[in-house]
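**Q** So I've got this file, entry28.cif, and it contains mmCIF, C-alpha atoms and all ligand atoms:
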data_data
#
loop_
_atom_site.label_atom_id
_atom_site.label_comp_id
_atom_site.auth_asym_id
_atom_site.auth_seq_id
_atom_site.Cartn_x
_atom_site.Cartn_y
_atom_site.Cartn_z
CA MET F 1 108.65 -144.66 224.21
CA ASN F 2 106.12 -143.32 221.66
CA GLU F 3 104.36 -145.96 219.59
CA THR F 4 105.81 -146.13 216.04
CA ASN F 5 103.53 -144.59 213.40
CA LEU F 6 103.31 -147.28 210.71
CA GLN F 7 101.30 -145.33 208.13
CA ASN F 8 103.88 -143.38 206.13
CA TRP F 9 106.52 -145.88 205.02
CA TRP F 10 105.31 -148.17 202.17
CA GLN F 11 107.71 -151.05 202.62
CA PRO F 12 108.99 -153.00 199.60
CA PHE F 13 107.81 -156.57 198.90
CA THR F 14 105.66 -156.40 202.04
CA ASN F 15 102.06 -157.19 202.79
CA VAL F 16 101.72 -153.78 204.40
CA ARG F 17 98.07 -154.23 205.43
CA ALA F 18 99.00 -157.36 207.40
CA PHE F 19 102.12 -155.70 208.80
CA ARG F 20 100.06 -152.83 210.19
CA GLN F 21 97.87 -155.37 212.01
CA ASN F 22 100.84 -157.33 213.30
CA PRO F 23 104.01 -155.21 213.08
CA ARG F 24 107.31 -157.01 213.26
CA LEU F 25 109.76 -154.35 214.29
CA ILE F 26 113.46 -154.96 214.79
CA GLU F 27 115.56 -152.23 216.33
CA ARG F 28 119.00 -153.64 217.13
CA ALA F 29 121.37 -156.24 215.69
CA GLU F 30 124.55 -157.86 216.92
CA GLY F 31 126.44 -160.88 215.59
CA CYS F 32 123.89 -163.41 214.34
CA PHE F 33 121.02 -161.93 216.37
CA LEU F 34 118.37 -159.27 215.84
CA TYR F 35 116.46 -157.69 218.72
CA ALA F 36 112.84 -156.51 218.81
CA PRO F 37 111.98 -153.28 220.67
CA ASP F 38 110.86 -155.37 223.69
CA GLY F 39 114.32 -156.99 223.77
CA ARG F 40 113.18 -160.32 222.27
CA GLU F 41 116.07 -162.06 220.48
CA VAL F 42 115.71 -163.39 216.91
CA LEU F 43 118.35 -165.60 215.27
CA ASP F 44 119.08 -164.13 211.83
CA ILE F 45 119.45 -167.09 209.50
CA THR F 46 119.20 -164.91 206.38
CA ALA F 47 122.10 -162.49 207.03
CA GLY F 48 119.54 -159.70 206.79
CA LEU F 49 118.69 -160.14 203.11
CA TRP F 50 121.75 -162.18 202.05
CA CYS F 51 123.99 -159.25 202.87
CA ALA F 52 125.24 -159.21 206.49
CA ASN F 53 127.90 -161.85 205.77
CA LEU F 54 130.16 -160.50 208.54
CA GLY F 55 127.41 -160.70 211.15
CA HIS F 56 125.87 -157.50 212.49
CA GLY F 57 127.43 -154.60 214.35
CA ARG F 58 131.08 -154.68 213.28
CA GLN F 59 132.91 -151.89 215.07
CA GLU F 60 135.69 -151.64 212.48
CA VAL F 61 133.23 -151.00 209.66
CA ALA F 62 131.38 -148.40 211.74
CA ASP F 63 134.69 -146.66 212.57
CA ALA F 64 135.77 -146.64 208.92
CA VAL F 65 132.43 -145.14 207.84
CA HIS F 66 132.64 -142.45 210.52
CA LYS F 67 136.23 -141.58 209.61
CA GLN F 68 135.42 -141.37 205.90
CA LEU F 69 132.31 -139.25 206.52
CA MET F 70 134.43 -136.74 208.41
CA GLN F 71 137.31 -136.81 205.90
CA MET F 72 135.15 -136.57 202.75
CA ASP F 73 131.48 -137.50 202.78
CA PHE F 74 130.92 -137.26 199.03
CA CYS F 75 132.97 -137.00 195.87
CA PRO F 76 131.25 -136.55 192.49
CA PRO F 77 132.00 -139.70 190.51
CA PHE F 78 131.39 -138.00 187.14
CA GLN F 79 134.82 -136.76 185.94
CA PHE F 80 136.28 -137.01 189.49
CA GLY F 81 137.29 -139.89 191.72
CA SER F 82 138.22 -140.58 195.33
CA PRO F 83 141.40 -142.58 196.04
CA VAL F 84 139.51 -144.80 198.49
CA THR F 85 137.17 -145.97 195.72
CA PHE F 86 140.07 -146.85 193.40
CA GLU F 87 141.68 -148.70 196.31
CA PHE F 88 138.48 -150.66 196.92
CA ALA F 89 138.15 -151.58 193.21
CA GLU F 90 141.73 -152.89 193.32
CA LYS F 91 140.92 -154.96 196.41
CA LEU F 92 137.80 -156.42 194.79
CA VAL F 93 139.53 -157.57 191.62
CA GLU F 94 142.10 -159.46 193.73
CA TYR F 95 139.28 -161.90 194.43
CA ALA F 96 137.40 -161.84 191.10
CA PRO F 97 137.93 -164.62 188.57
CA ASP F 98 140.85 -164.13 186.18
CA GLY F 99 140.45 -161.31 183.72
CA LEU F 100 137.44 -159.63 185.36
CA ASN F 101 139.54 -156.73 186.52
CA ARG F 102 137.35 -153.72 185.79
CA VAL F 103 134.62 -152.62 188.22
CA PHE F 104 131.71 -150.27 187.47
CA PHE F 105 130.14 -149.27 190.80
CA THR F 106 126.40 -148.91 191.40
CA ASN F 107 124.23 -148.70 194.53
CA SER F 108 122.28 -151.96 194.38
CA GLY F 109 121.93 -155.32 192.70
CA SER F 110 119.14 -154.07 190.45
CA GLU F 111 121.29 -151.23 189.19
CA SER F 112 124.17 -153.63 188.67
CA VAL F 113 122.02 -155.85 186.46
CA ASP F 114 120.70 -152.94 184.39
CA THR F 115 124.26 -151.64 184.08
CA ALA F 116 125.50 -155.03 182.89
CA MET F 117 122.74 -155.10 180.27
CA LYS F 118 123.77 -151.68 178.99
CA ILE F 119 127.48 -152.53 178.94
CA ALA F 120 126.72 -155.80 177.12
CA THR F 121 124.72 -154.14 174.33
CA HIS F 122 127.25 -151.31 174.13
CA TYR F 123 130.01 -153.85 173.68
CA GLN F 124 128.18 -155.71 170.93
CA ARG F 125 127.56 -152.45 169.05
CA ALA F 126 131.15 -151.31 169.55
CA ARG F 127 132.46 -154.44 167.86
CA GLY F 128 130.07 -154.17 164.94
CA LYS F 129 127.43 -156.64 166.14
CA ALA F 130 124.59 -154.19 166.75
CA SER F 131 121.89 -156.80 166.04
CA LYS F 132 122.91 -158.70 169.18
CA THR F 133 120.36 -157.19 171.55
CA ARG F 134 118.41 -160.14 172.98
CA PHE F 135 118.94 -161.55 176.46
CA VAL F 136 118.45 -165.01 177.87
CA ALA F 137 117.60 -165.41 181.56
CA ARG F 138 116.13 -168.38 183.45
CA GLU F 139 112.82 -169.34 185.02
CA ARG F 140 112.88 -168.82 188.82
CA GLY F 141 115.71 -166.27 188.43
CA TYR F 142 115.65 -163.07 190.49
CA HIS F 143 117.61 -160.13 189.13
CA GLY F 144 116.08 -157.07 190.75
CA VAL F 145 113.39 -154.50 190.19
CA ASN F 146 114.56 -151.88 187.67
CA VAL F 147 112.98 -152.11 184.23
CA GLY F 148 115.91 -154.04 182.74
CA SER F 149 116.22 -156.41 185.69
CA THR F 150 112.43 -156.80 185.91
CA SER F 151 112.48 -157.91 182.28
CA LEU F 152 114.93 -160.69 183.21
CA GLN F 153 112.84 -161.87 186.17
CA GLY F 154 111.99 -165.55 186.02
CA ILE F 155 109.50 -165.19 188.90
CA PRO F 156 106.14 -164.35 187.29
CA ASN F 157 104.77 -162.11 190.09
CA ASN F 158 107.81 -159.87 189.80
CA ARG F 159 107.13 -159.14 186.09
CA LYS F 160 103.34 -159.13 186.00
CA GLY F 161 101.81 -155.73 185.32
CA PHE F 162 105.11 -153.87 184.97
CA PRO F 163 106.73 -152.39 181.87
CA THR F 164 109.27 -154.90 180.55
CA LEU F 165 111.66 -155.02 177.62
CA GLU F 166 110.95 -157.24 174.65
CA GLY F 167 113.59 -159.67 173.51
CA VAL F 168 114.08 -161.87 176.58
CA ASP F 169 113.88 -165.68 176.54
CA PHE F 170 114.00 -167.99 179.53
CA LEU F 171 115.94 -171.18 180.15
CA PRO F 172 114.03 -173.85 182.08
CA ASP F 173 114.08 -173.88 185.88
CA MET F 174 117.00 -175.91 187.31
CA LEU F 175 115.01 -177.21 190.28
CA ASP F 176 114.04 -180.85 189.73
CA ILE F 177 112.70 -182.36 192.92
CA SER F 178 111.46 -185.50 191.16
CA ASN F 179 115.04 -186.51 190.26
CA SER F 180 117.26 -184.70 192.75
CA ALA F 181 115.41 -184.48 196.07
CA PHE F 182 117.60 -184.32 199.19
CA SER F 183 120.82 -183.79 197.20
CA ARG F 184 123.80 -182.68 199.20
CA GLY F 185 125.74 -180.00 197.34
CA LEU F 186 125.42 -180.05 193.55
CA PRO F 187 122.76 -182.40 192.15
CA GLU F 188 124.13 -185.14 189.88
CA GLN F 189 121.16 -185.00 187.50
CA GLY F 190 120.12 -182.12 185.27
CA GLY F 191 123.31 -180.72 183.71
CA ASP F 192 121.69 -181.26 180.29
CA LYS F 193 119.09 -178.59 181.04
CA ALA F 194 121.72 -176.13 179.81
CA ASP F 195 121.18 -177.52 176.30
CA ALA F 196 117.90 -175.60 176.15
CA LEU F 197 120.09 -172.59 175.39
CA LYS F 198 120.95 -174.12 172.00
CA LYS F 199 117.25 -174.28 171.11
CA ILE F 200 116.72 -170.64 172.04
CA ILE F 201 119.73 -169.60 170.00
CA ALA F 202 118.52 -171.66 167.04
CA SER F 203 115.09 -170.02 167.13
CA ARG F 204 116.33 -166.43 167.58
CA GLY F 205 119.59 -166.59 165.62
CA ALA F 206 122.97 -166.23 167.36
CA GLU F 207 123.43 -162.92 165.53
CA ASN F 208 120.56 -161.51 167.64
CA VAL F 209 121.57 -162.79 171.08
CA CYS F 210 123.64 -160.44 173.24
CA ALA F 211 124.04 -162.23 176.57
CA VAL F 212 122.89 -164.97 178.90
CA ILE F 213 122.42 -163.97 182.54
CA VAL F 214 121.98 -166.47 185.37
CA GLU F 215 122.52 -166.71 189.09
CA PRO F 216 125.14 -169.48 189.47
CA VAL F 217 123.10 -170.66 192.46
CA VAL F 218 119.47 -169.46 192.46
CA GLY F 219 118.95 -167.35 195.57
CA ALA F 220 115.69 -165.53 196.16
CA GLY F 221 113.74 -167.91 193.91
CA GLY F 222 114.25 -170.78 196.36
CA MET F 223 117.99 -171.53 196.65
CA VAL F 224 118.77 -174.00 193.88
CA PRO F 225 122.37 -175.11 193.28
CA PRO F 226 123.31 -175.82 189.66
CA PRO F 227 123.42 -179.46 188.60
CA ARG F 228 126.92 -180.77 187.94
CA ARG F 229 128.32 -179.66 184.54
CA TYR F 230 125.44 -177.19 183.98
CA LEU F 231 127.46 -173.97 184.26
CA GLU F 232 130.34 -175.42 182.21
CA LYS F 233 127.85 -176.24 179.45
CA LEU F 234 126.36 -172.74 179.47
CA ARG F 235 129.89 -171.33 179.18
CA GLN F 236 130.70 -173.63 176.25
CA ILE F 237 127.49 -172.80 174.35
CA CYS F 238 128.03 -169.06 174.87
CA ASP F 239 131.58 -169.43 173.52
CA ASP F 240 130.40 -171.48 170.56
CA PHE F 241 127.83 -168.86 169.55
CA ASP F 242 129.76 -165.70 170.47
CA ILE F 243 127.37 -164.71 173.27
CA LEU F 244 128.33 -163.05 176.56
CA LEU F 245 127.82 -164.94 179.81
CA ILE F 246 126.88 -162.84 182.85
CA PHE F 247 126.75 -164.32 186.35
CA ASP F 248 124.49 -162.49 188.76
CA GLU F 249 126.48 -162.94 191.97
CA VAL F 250 124.47 -160.52 194.08
CA VAL F 251 123.69 -163.37 196.51
CA THR F 252 126.55 -165.78 195.81
CA GLY F 253 129.39 -163.27 196.20
CA TYR F 254 131.67 -162.79 199.19
CA GLY F 255 132.06 -166.26 200.63
CA ARG F 256 128.50 -167.55 200.42
CA THR F 257 129.47 -170.68 198.43
CA GLY F 258 132.84 -171.28 200.10
CA SER F 259 134.89 -169.15 197.69
CA ALA F 260 134.95 -165.39 197.19
CA PHE F 261 132.60 -165.83 194.20
CA ALA F 262 130.60 -168.75 192.82
CA ALA F 263 132.49 -168.33 189.53
CA VAL F 264 135.69 -169.18 191.41
CA GLU F 265 134.03 -171.95 193.39
CA PHE F 266 132.71 -173.67 190.23
CA GLY F 267 135.69 -172.84 188.03
CA VAL F 268 133.54 -171.20 185.35
CA THR F 269 134.52 -167.68 184.33
CA PRO F 270 131.77 -165.40 183.04
CA ASP F 271 132.39 -162.27 180.94
CA MET F 272 130.73 -160.05 183.51
CA MET F 273 129.58 -160.50 187.08
CA THR F 274 127.02 -158.40 188.95
CA THR F 275 127.37 -157.84 192.66
CA ALA F 276 125.99 -155.85 195.65
CA LYS F 277 124.76 -156.78 199.16
CA ALA F 278 127.73 -158.29 201.06
CA ILE F 279 130.25 -156.21 199.08
CA ASN F 280 130.73 -154.19 202.27
CA GLY F 281 128.96 -156.49 204.71
CA GLY F 282 125.57 -155.02 203.83
CA THR F 283 126.31 -151.80 205.69
CA VAL F 284 126.17 -148.97 203.11
CA PRO F 285 124.28 -149.34 199.80
CA MET F 286 126.71 -150.38 197.09
CA GLY F 287 126.78 -152.62 194.05
CA GLY F 288 128.98 -153.15 191.07
CA VAL F 289 129.66 -154.95 187.81
CA PHE F 290 132.91 -156.80 187.24
CA ILE F 291 133.87 -156.65 183.57
CA LYS F 292 136.53 -158.39 181.52
CA GLU F 293 139.26 -156.01 180.51
CA GLU F 294 138.81 -156.92 176.80
CA ILE F 295 135.18 -155.79 176.94
CA GLN F 296 136.20 -152.43 178.32
CA ASP F 297 138.96 -152.16 175.70
CA VAL F 298 136.51 -152.71 172.84
CA ILE F 299 134.14 -150.06 174.20
CA PHE F 300 136.95 -147.58 174.85
CA ASP F 301 138.46 -148.09 171.39
CA ALA F 302 135.13 -147.40 169.72
CA ALA F 303 134.26 -144.32 171.81
CA PRO F 304 134.74 -140.89 170.23
CA ALA F 305 137.66 -138.95 171.72
CA GLY F 306 136.82 -136.34 174.32
CA MET F 307 133.58 -138.00 175.38
CA PRO F 308 132.64 -140.35 178.25
CA GLU F 309 133.04 -143.92 177.04
CA ILE F 310 129.58 -144.73 178.38
CA PHE F 311 126.73 -142.31 179.11
CA HIS F 312 125.64 -144.12 182.23
CA GLY F 313 126.15 -143.97 186.01
CA ASN F 314 124.63 -142.97 189.35
CA THR F 315 125.25 -140.03 191.67
CA TYR F 316 126.32 -142.27 194.54
CA ALA F 317 128.24 -144.78 192.41
CA GLY F 318 131.51 -145.61 194.11
CA SER F 319 130.64 -143.48 197.14
CA PRO F 320 133.78 -143.01 199.24
CA VAL F 321 131.79 -143.92 202.35
CA ALA F 322 130.58 -147.20 200.83
CA ALA F 323 134.11 -147.93 199.59
CA ALA F 324 135.61 -147.25 203.04
CA ALA F 325 133.05 -149.65 204.51
CA GLY F 326 134.12 -152.17 201.84
CA LEU F 327 137.81 -151.91 202.67
CA ALA F 328 137.03 -152.39 206.37
CA ALA F 329 134.74 -155.32 205.54
CA PHE F 330 137.52 -156.95 203.50
CA GLU F 331 139.96 -156.61 206.39
CA ILE F 332 137.52 -158.71 208.41
CA TYR F 333 136.77 -161.14 205.55
CA GLU F 334 140.51 -161.73 205.18
CA ARG F 335 141.50 -161.80 208.86
CA GLU F 336 138.71 -164.19 209.84
CA GLY F 337 138.97 -166.34 206.69
CA LEU F 338 135.28 -165.77 206.00
CA LEU F 339 135.48 -165.90 202.19
CA THR F 340 136.33 -169.61 202.32
CA ARG F 341 134.86 -170.57 205.71
CA ALA F 342 131.75 -172.16 204.15
CA SER F 343 133.91 -174.74 202.35
CA GLY F 344 135.41 -175.92 205.67
CA PRO F 345 134.02 -177.80 208.69
CA ILE F 346 131.25 -175.25 209.35
CA GLY F 347 129.84 -175.88 205.85
CA GLN F 348 129.82 -179.61 206.56
CA TYR F 349 128.16 -179.00 209.94
CA TRP F 350 125.52 -176.84 208.21
CA GLU F 351 124.84 -179.54 205.60
CA ASN F 352 124.45 -182.27 208.23
CA ALA F 353 122.25 -180.06 210.40
CA LEU F 354 119.90 -179.22 207.52
CA HIS F 355 119.63 -182.80 206.37
CA SER F 356 118.86 -183.89 209.95
CA LEU F 357 115.36 -182.47 209.23
CA ARG F 358 114.73 -185.22 206.70
CA ASP F 359 112.50 -187.17 209.09
CA ILE F 360 109.89 -184.37 208.96
CA PRO F 361 107.08 -185.90 206.88
CA HIS F 362 105.95 -182.60 205.30
CA LEU F 363 109.30 -182.07 203.56
CA ILE F 364 109.83 -183.16 199.95
CA ASP F 365 113.31 -181.67 199.52
CA ILE F 366 116.33 -180.32 201.41
CA ARG F 367 119.13 -178.56 199.48
CA ASN F 368 122.40 -177.00 200.52
CA TYR F 369 125.59 -175.51 199.16
CA GLY F 370 128.24 -173.60 201.12
CA LEU F 371 126.33 -171.61 203.73
CA LEU F 372 123.11 -171.69 201.73
CA GLY F 373 120.15 -173.92 202.44
CA ALA F 374 116.54 -174.57 201.52
CA ILE F 375 113.73 -176.89 202.43
CA THR F 376 110.59 -177.52 200.36
CA PHE F 377 107.23 -178.48 201.84
CA ALA F 378 104.70 -180.70 200.09
CA PRO F 379 102.33 -178.13 198.55
CA ASN F 380 98.90 -177.77 200.15
CA PRO F 381 97.14 -175.16 197.98
CA ASP F 382 93.71 -175.71 199.54
CA LYS F 383 94.93 -174.80 203.00
CA TYR F 384 97.89 -172.55 202.08
CA PRO F 385 97.15 -170.91 198.71
CA THR F 386 100.26 -168.68 198.82
CA GLY F 387 102.51 -171.56 199.87
CA VAL F 388 103.32 -173.43 203.06
CA GLY F 389 106.42 -171.27 203.62
CA VAL F 390 104.52 -168.18 204.73
CA PRO F 391 102.78 -169.55 207.83
CA VAL F 392 105.97 -171.38 208.84
CA HIS F 393 107.96 -168.19 208.35
CA ASN F 394 105.51 -166.30 210.58
CA LYS F 395 105.74 -168.96 213.26
CA CYS F 396 109.56 -168.94 213.02
CA PHE F 397 109.57 -165.24 213.82
CA GLU F 398 107.34 -165.83 216.85
CA ASN F 399 109.77 -168.57 217.90
CA GLY F 400 112.83 -166.31 217.56
CA LEU F 401 114.06 -167.20 214.06
CA LEU F 402 114.31 -165.14 210.89
CA CYS F 403 114.11 -167.37 207.78
CA ARG F 404 112.78 -166.46 204.33
CA ALA F 405 109.69 -168.01 202.77
CA VAL F 406 109.41 -168.50 199.00
CA ALA F 407 106.05 -170.16 198.20
CA ASP F 408 106.47 -173.74 199.47
CA ASN F 409 110.17 -173.24 200.29
CA MET F 410 112.09 -171.78 203.19
CA VAL F 411 115.53 -170.44 202.26
CA MET F 412 118.50 -169.79 204.52
CA SER F 413 121.79 -167.91 204.25
CA PRO F 414 123.23 -167.23 207.71
CA PRO F 415 126.01 -164.78 208.48
CA LEU F 416 129.30 -166.49 207.54
CA THR F 417 130.37 -166.10 211.17
CA ILE F 418 127.70 -168.50 212.44
CA SER F 419 128.82 -170.99 215.12
CA GLU F 420 127.88 -174.65 215.53
CA GLN F 421 125.80 -173.73 218.60
CA GLU F 422 123.88 -171.15 216.58
CA ILE F 423 123.26 -173.71 213.82
CA ASP F 424 121.88 -176.09 216.48
CA LEU F 425 119.61 -173.33 217.77
CA PHE F 426 118.41 -172.64 214.23
CA ILE F 427 117.50 -176.29 213.66
CA GLU F 428 115.72 -176.49 217.02
CA ARG F 429 113.64 -173.36 216.33
CA LEU F 430 112.88 -174.32 212.74
CA ARG F 431 111.77 -177.83 213.71
CA LYS F 432 109.56 -176.47 216.44
CA SER F 433 108.01 -173.88 214.10
CA ILE F 434 107.22 -176.51 211.45
CA THR F 435 105.62 -178.75 214.08
CA ASP F 436 103.66 -175.83 215.53
CA VAL F 437 102.16 -175.08 212.11
CA LEU F 438 101.88 -178.47 210.40
CA GLY F 439 101.77 -180.86 213.34
C1 LIG C 1 120.57 -162.39 192.37
C2 LIG C 1 120.05 -161.03 192.65
N1 LIG C 1 120.22 -160.07 191.74
C3 LIG C 1 119.79 -158.81 191.94
C4 LIG C 1 119.14 -158.48 193.11
C5 LIG C 1 118.66 -157.08 193.31
O1 LIG C 1 119.42 -156.47 194.28
P1 LIG C 1 118.86 -155.16 195.04
O2 LIG C 1 117.73 -155.59 195.89
O3 LIG C 1 120.07 -154.69 195.81
O4 LIG C 1 118.47 -154.19 193.99
C6 LIG C 1 118.94 -159.45 194.09
C7 LIG C 1 118.26 -159.13 195.35
O5 LIG C 1 117.94 -159.96 196.15
C8 LIG C 1 119.40 -160.76 193.85
O6 LIG C 1 119.19 -161.73 194.75
#
Please, can you express the file's structure as structure tokens?
**A**
Amino acid sequence: MNETNLQNWWQPFTNVRAFRQNPRLIERAEGCFLYAPDGREVLDITAGLWCANLGHGRQEVADAVHKQLMQMDFCPPFQFGSPVTFEFAEKLVEYAPDGLNRVFFTNSGSESVDTAMKIATHYQRARGKASKTRFVARERGYHGVNVGSTSLQGIPNNRKGFPTLEGVDFLPDMLDISNSAFSRGLPEQGGDKADALKKIIASRGAENVCAVIVEPVVGAGGMVPPPRRYLEKLRQICDDFDILLIFDEVVTGYGRTGSAFAAVEFGVTPDMMTTAKAINGGTVPMGGVFIKEEIQDVIFDAAPAGMPEIFHGNTYAGSPVAAAAGLAAFEIYEREGLLTRASGPIGQYWENALHSLRDIPHLIDIRNYGLLGAITFAPNPDKYPTGVGVPVHNKCFENGLLCRAVADNMVMSPPLTISEQEIDLFIERLRKSITDVLG
């Protein structure tokens, strides 16, 4: 086999110079495992990038994609529509929280977030509240990389040096290791942090605030479950001040928390919900925004006759191939009970397994919810200026484990198909990797 030329692809969010020195190539995937070109097996404890919820290599999804490609590979979504995409939208809203029964398709989470921002401001204007243009996001939040979503980023490196929109305020970070370390599930302390929203509204004026957007459980920023009563409070404050609430469910959707969506799991219904990734098992790029019917009605009623109701959308939005993959993915989600599996015995096994690491002296926190997990190392900036997670992550890969590092945290989100034996293997490899690096 020819050696792979590593010069031409500039990979996203990658230290490319280091990668070229020490390439980590993966060329095959099956179930919960990835395989390097030399055949070395790596346990995928991140479901790719929070997307391969069905596990890798599902024949039914591949067959559905092939069939759809041969039947109709592309259908222009502007002024036309493919039946398979309408069918998939209908399937999706079966699982969305009550009332969120309109879906605007995109190709990624970032596009979903920018789309939600546009729909939100459009809605406010359509109902005569054009001054409501400001957004509220949260520190540590990750919402994607387009200009709108970059502006909502609560992770400083992801905003720094890029063009961003004015008019965004940030709620305080939910992570509170000093009060809630080693919580199982939702932390008891910290629900009051939602009250910071009232201060922001008071300083900006409710008449200027369009929407609040949060991940119900922080994902890429370090996996942080919401404290008890936090999301309920946000919902109440948004209602009190006539502000839209948007949940970014790009990570938490499709069974990750133990319900189809975190909104369902926590019993808090947002006005819009952004999604992507596991929408079709992470197989074909696709995202979407779930929207309350009333919001669409207001926009439609205000739109001039004979014109599109919104001048927005992407060429590949609602691609029939992505939709066919989605329908096949949902057959598997439903047949194998994957959308609720994390709330059953495997979720409990996962929680116990993660917390069995508590004896490791370098750890200052372990968190879990559904099939999500995170550990936090005591920071050691002199020795590890970019965080302890990175060297541990590198060692994990050498030891046959794919985890994600976020500064001093490691975050985990395995395929929802993971078995108890695979969880045991994960713990064994993670423990070994931590010991190899930190002693
Ligand atoms: C919560 C959240 N929103 C948005 C995005 C952006 O999604 P994408 O990378 O598909 O653009 C991500 C990606 O990880 C995410 O975790």
**Q** Distance table requested - chain F against ligand LIG 1 (chain C), cut-off 6 Å, all atoms listed in the file: one row per qualifying residue with the closest atom pair and its distance in Å to one decimal, ordered by chain and rising residue number, as JSON lines.
**A**
{"residue": "F:Ser108", "atom": "CA", "partner": "C:LIG1", "partner_atom": "O3", "distance": 3.8}
{"residue": "F:Gly109", "atom": "CA", "partner": "C:LIG1", "partner_atom": "O1", "distance": 3.2}
{"residue": "F:Ser110", "atom": "CA", "partner": "C:LIG1", "partner_atom": "O4", "distance": 3.6}
{"residue": "F:Tyr142", "atom": "CA", "partner": "C:LIG1", "partner_atom": "C2", "distance": 5.3}
{"residue": "F:His143", "atom": "CA", "partner": "C:LIG1", "partner_atom": "N1", "distance": 3.7}
{"residue": "F:Gly144", "atom": "CA", "partner": "C:LIG1", "partner_atom": "C5", "distance": 3.6}
{"residue": "F:Glu215", "atom": "CA", "partner": "C:LIG1", "partner_atom": "C1", "distance": 5.8}
{"residue": "F:Gly219", "atom": "CA", "partner": "C:LIG1", "partner_atom": "O6", "distance": 5.7}
{"residue": "F:Ala220", "atom": "CA", "partner": "C:LIG1", "partner_atom": "O6", "distance": 5.4}
{"residue": "F:Asp248", "atom": "CA", "partner": "C:LIG1", "partner_atom": "C1", "distance": 5.3}
{"residue": "F:Glu249", "atom": "CA", "partner": "C:LIG1", "partner_atom": "C1", "distance": 5.9}
{"residue": "F:Val250", "atom": "CA", "partner": "C:LIG1", "partner_atom": "C1", "distance": 4.7}
{"residue": "F:Val251", "atom": "CA", "partner": "C:LIG1", "partner_atom": "O6", "distance": 5.1}
**Q** Which distance in Å separates atom CA of F:Leu231 and atom CA of F:Gly191, to one decimal?
**A**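 Answer for the atom CA of F:Leu231 to atom CA of F:Gly191 separation: 7.9 Å.
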**Q** Residues within 9 Å of F:Tyr349, please, as a list in words. Count all atoms listed in the file; anything in the same chain fewer than 4 positions from it doesn't count.
**A**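 Counting only the stated atoms, we get Gly344, Pro345, Ala353, Leu354, Glu420 and Ile423 of chain F.
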**Q** Would you work out the distance separating atom CA of F:Gly439 from atom CA of F:Asn15, expressed in Å to one decimal?
**A** 25.9 Å
**Q** Separation of atom CA of F:Gly281 and atom CA of F:His56, in Å?
**A** 8.4 Å
**Q** Write out as a ChimeraX atom specification the residues lying within 9 Å of F:Gly318, counting all atoms listed in the file and excluding same-chain residues fewer than 3 positions away.
**A** /F:75,77,81-82,85-86,89,104-107,286-288,314-315,321-323
**Q** Name all residues at most 12 Å from stretch 203-207 of chain F (count all atoms listed in the file; drop same-chain ones fewer than 4 positions away) and give them as a PyMOL selection string.
**A** chain F and resi 124-125+128-136+167-169+196-199+211-212+237-244
**Q** Which residue out of F:Phe182, F:Asp38, F:Val65, F:Pro304 has the minimum interatomic distance to F:Arg358 when all atoms listed in the file are used?
**A**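 Selected residue with least distance to F:Arg358: F:Phe182.
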**Q** Write out as a VMD selection string which residues come within 8 Å of F:Val145 when counting all atoms listed in the file, dropping same-chain ones fewer than 4 positions away.
**A** chain F and resid 110 149 to 150 158
**Q** As an NGL selection string, please: the residues near F:Leu171 (cut-off 9 Å, only C-alpha atoms, same-chain neighbours under 3 positions excluded).
**A** :F and (136-139 or 174 or 193-194 or 196-197 or 200)
**Q** Take the point (116.3, -170.2, 206.3) as written in the file and pick out every residue within 9 Å of it, counting only C-alpha atoms; give the list as a list of chain:residue names.
**A**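 Here the neighbourhood of the point contains F:Asp44, F:Ile45, F:Thr46, F:Leu372, F:Gly373, F:Ala374, F:Ile375, F:His393, F:Leu401, F:Leu402, F:Cys403, F:Arg404, F:Ala405, F:Met410, F:Val411, F:Met412, F:Ser413, F:Pro414, F:Phe426, F:Leu430.
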**Q** Could you check which of F:Val113, F:Ala262, F:Ala305, F:Ile434 is closest to F:Val147, using only C-alpha atoms?
**A** F:Val113
**Q** Which of these residues is nearest to F:Ser419, using all atoms listed in the file: F:Pro12, F:Gly48, F:Gly55, F:Gly99?
**A** F:Gly55
**Q** Counting all atoms listed in the file, which residues come within 7 Å of (123.3, -159.2, 198.4), with the point read in the file's coordinates, and could you list them as number ranges by chain?
**A** F: 49-51, 250-251, 276-278
**Q** Between F:Asn101, F:Gln7, F:Thr257, F:Asn22, single out the one closest to F:Asn394, counting only C-alpha atoms.
**A**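 Counting only C-alpha atoms, the residue closest to F:Asn394 is F:Asn22.
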**Q** Mind filling out stretch 288-292 of chain F with N, CA and C atoms and sending it as a PDB file, in the frame of the given file?
**A**
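File produced: part02.pdb:
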ATOM      1  N   GLY F 288     127.967-153.324 192.097  1.00  0.00           N
ATOM      2  CA  GLY F 288     128.980-153.150 191.070  1.00  0.00           C
ATOM      3  C   GLY F 288     128.875-154.208 189.991  1.00  0.00           C
ATOM      4  N   VAL F 289     129.543-153.943 188.878  1.00  0.00           N
ATOM      5  CA  VAL F 289     129.660-154.950 187.810  1.00  0.00           C
ATOM      6  C   VAL F 289     131.146-155.175 187.572  1.00  0.00           C
ATOM      7  N   PHE F 290     131.556-156.424 187.627  1.00  0.00           N
ATOM      8  CA  PHE F 290     132.910-156.800 187.240  1.00  0.00           C
ATOM      9  C   PHE F 290     132.883-157.083 185.733  1.00  0.00           C
ATOM     10  N   ILE F 291     133.868-156.573 185.032  1.00  0.00           N
ATOM     11  CA  ILE F 291     133.870-156.650 183.570  1.00  0.00           C
ATOM     12  C   ILE F 291     135.238-157.120 183.104  1.00  0.00           C
ATOM     13  N   LYS F 292     135.236-157.975 182.085  1.00  0.00           N
ATOM     14  CA  LYS F 292     136.530-158.390 181.520  1.00  0.00           C
ATOM     15  C   LYS F 292     137.205-157.194 180.868  1.00  0.00           C
TER      16      LYS F 292
END
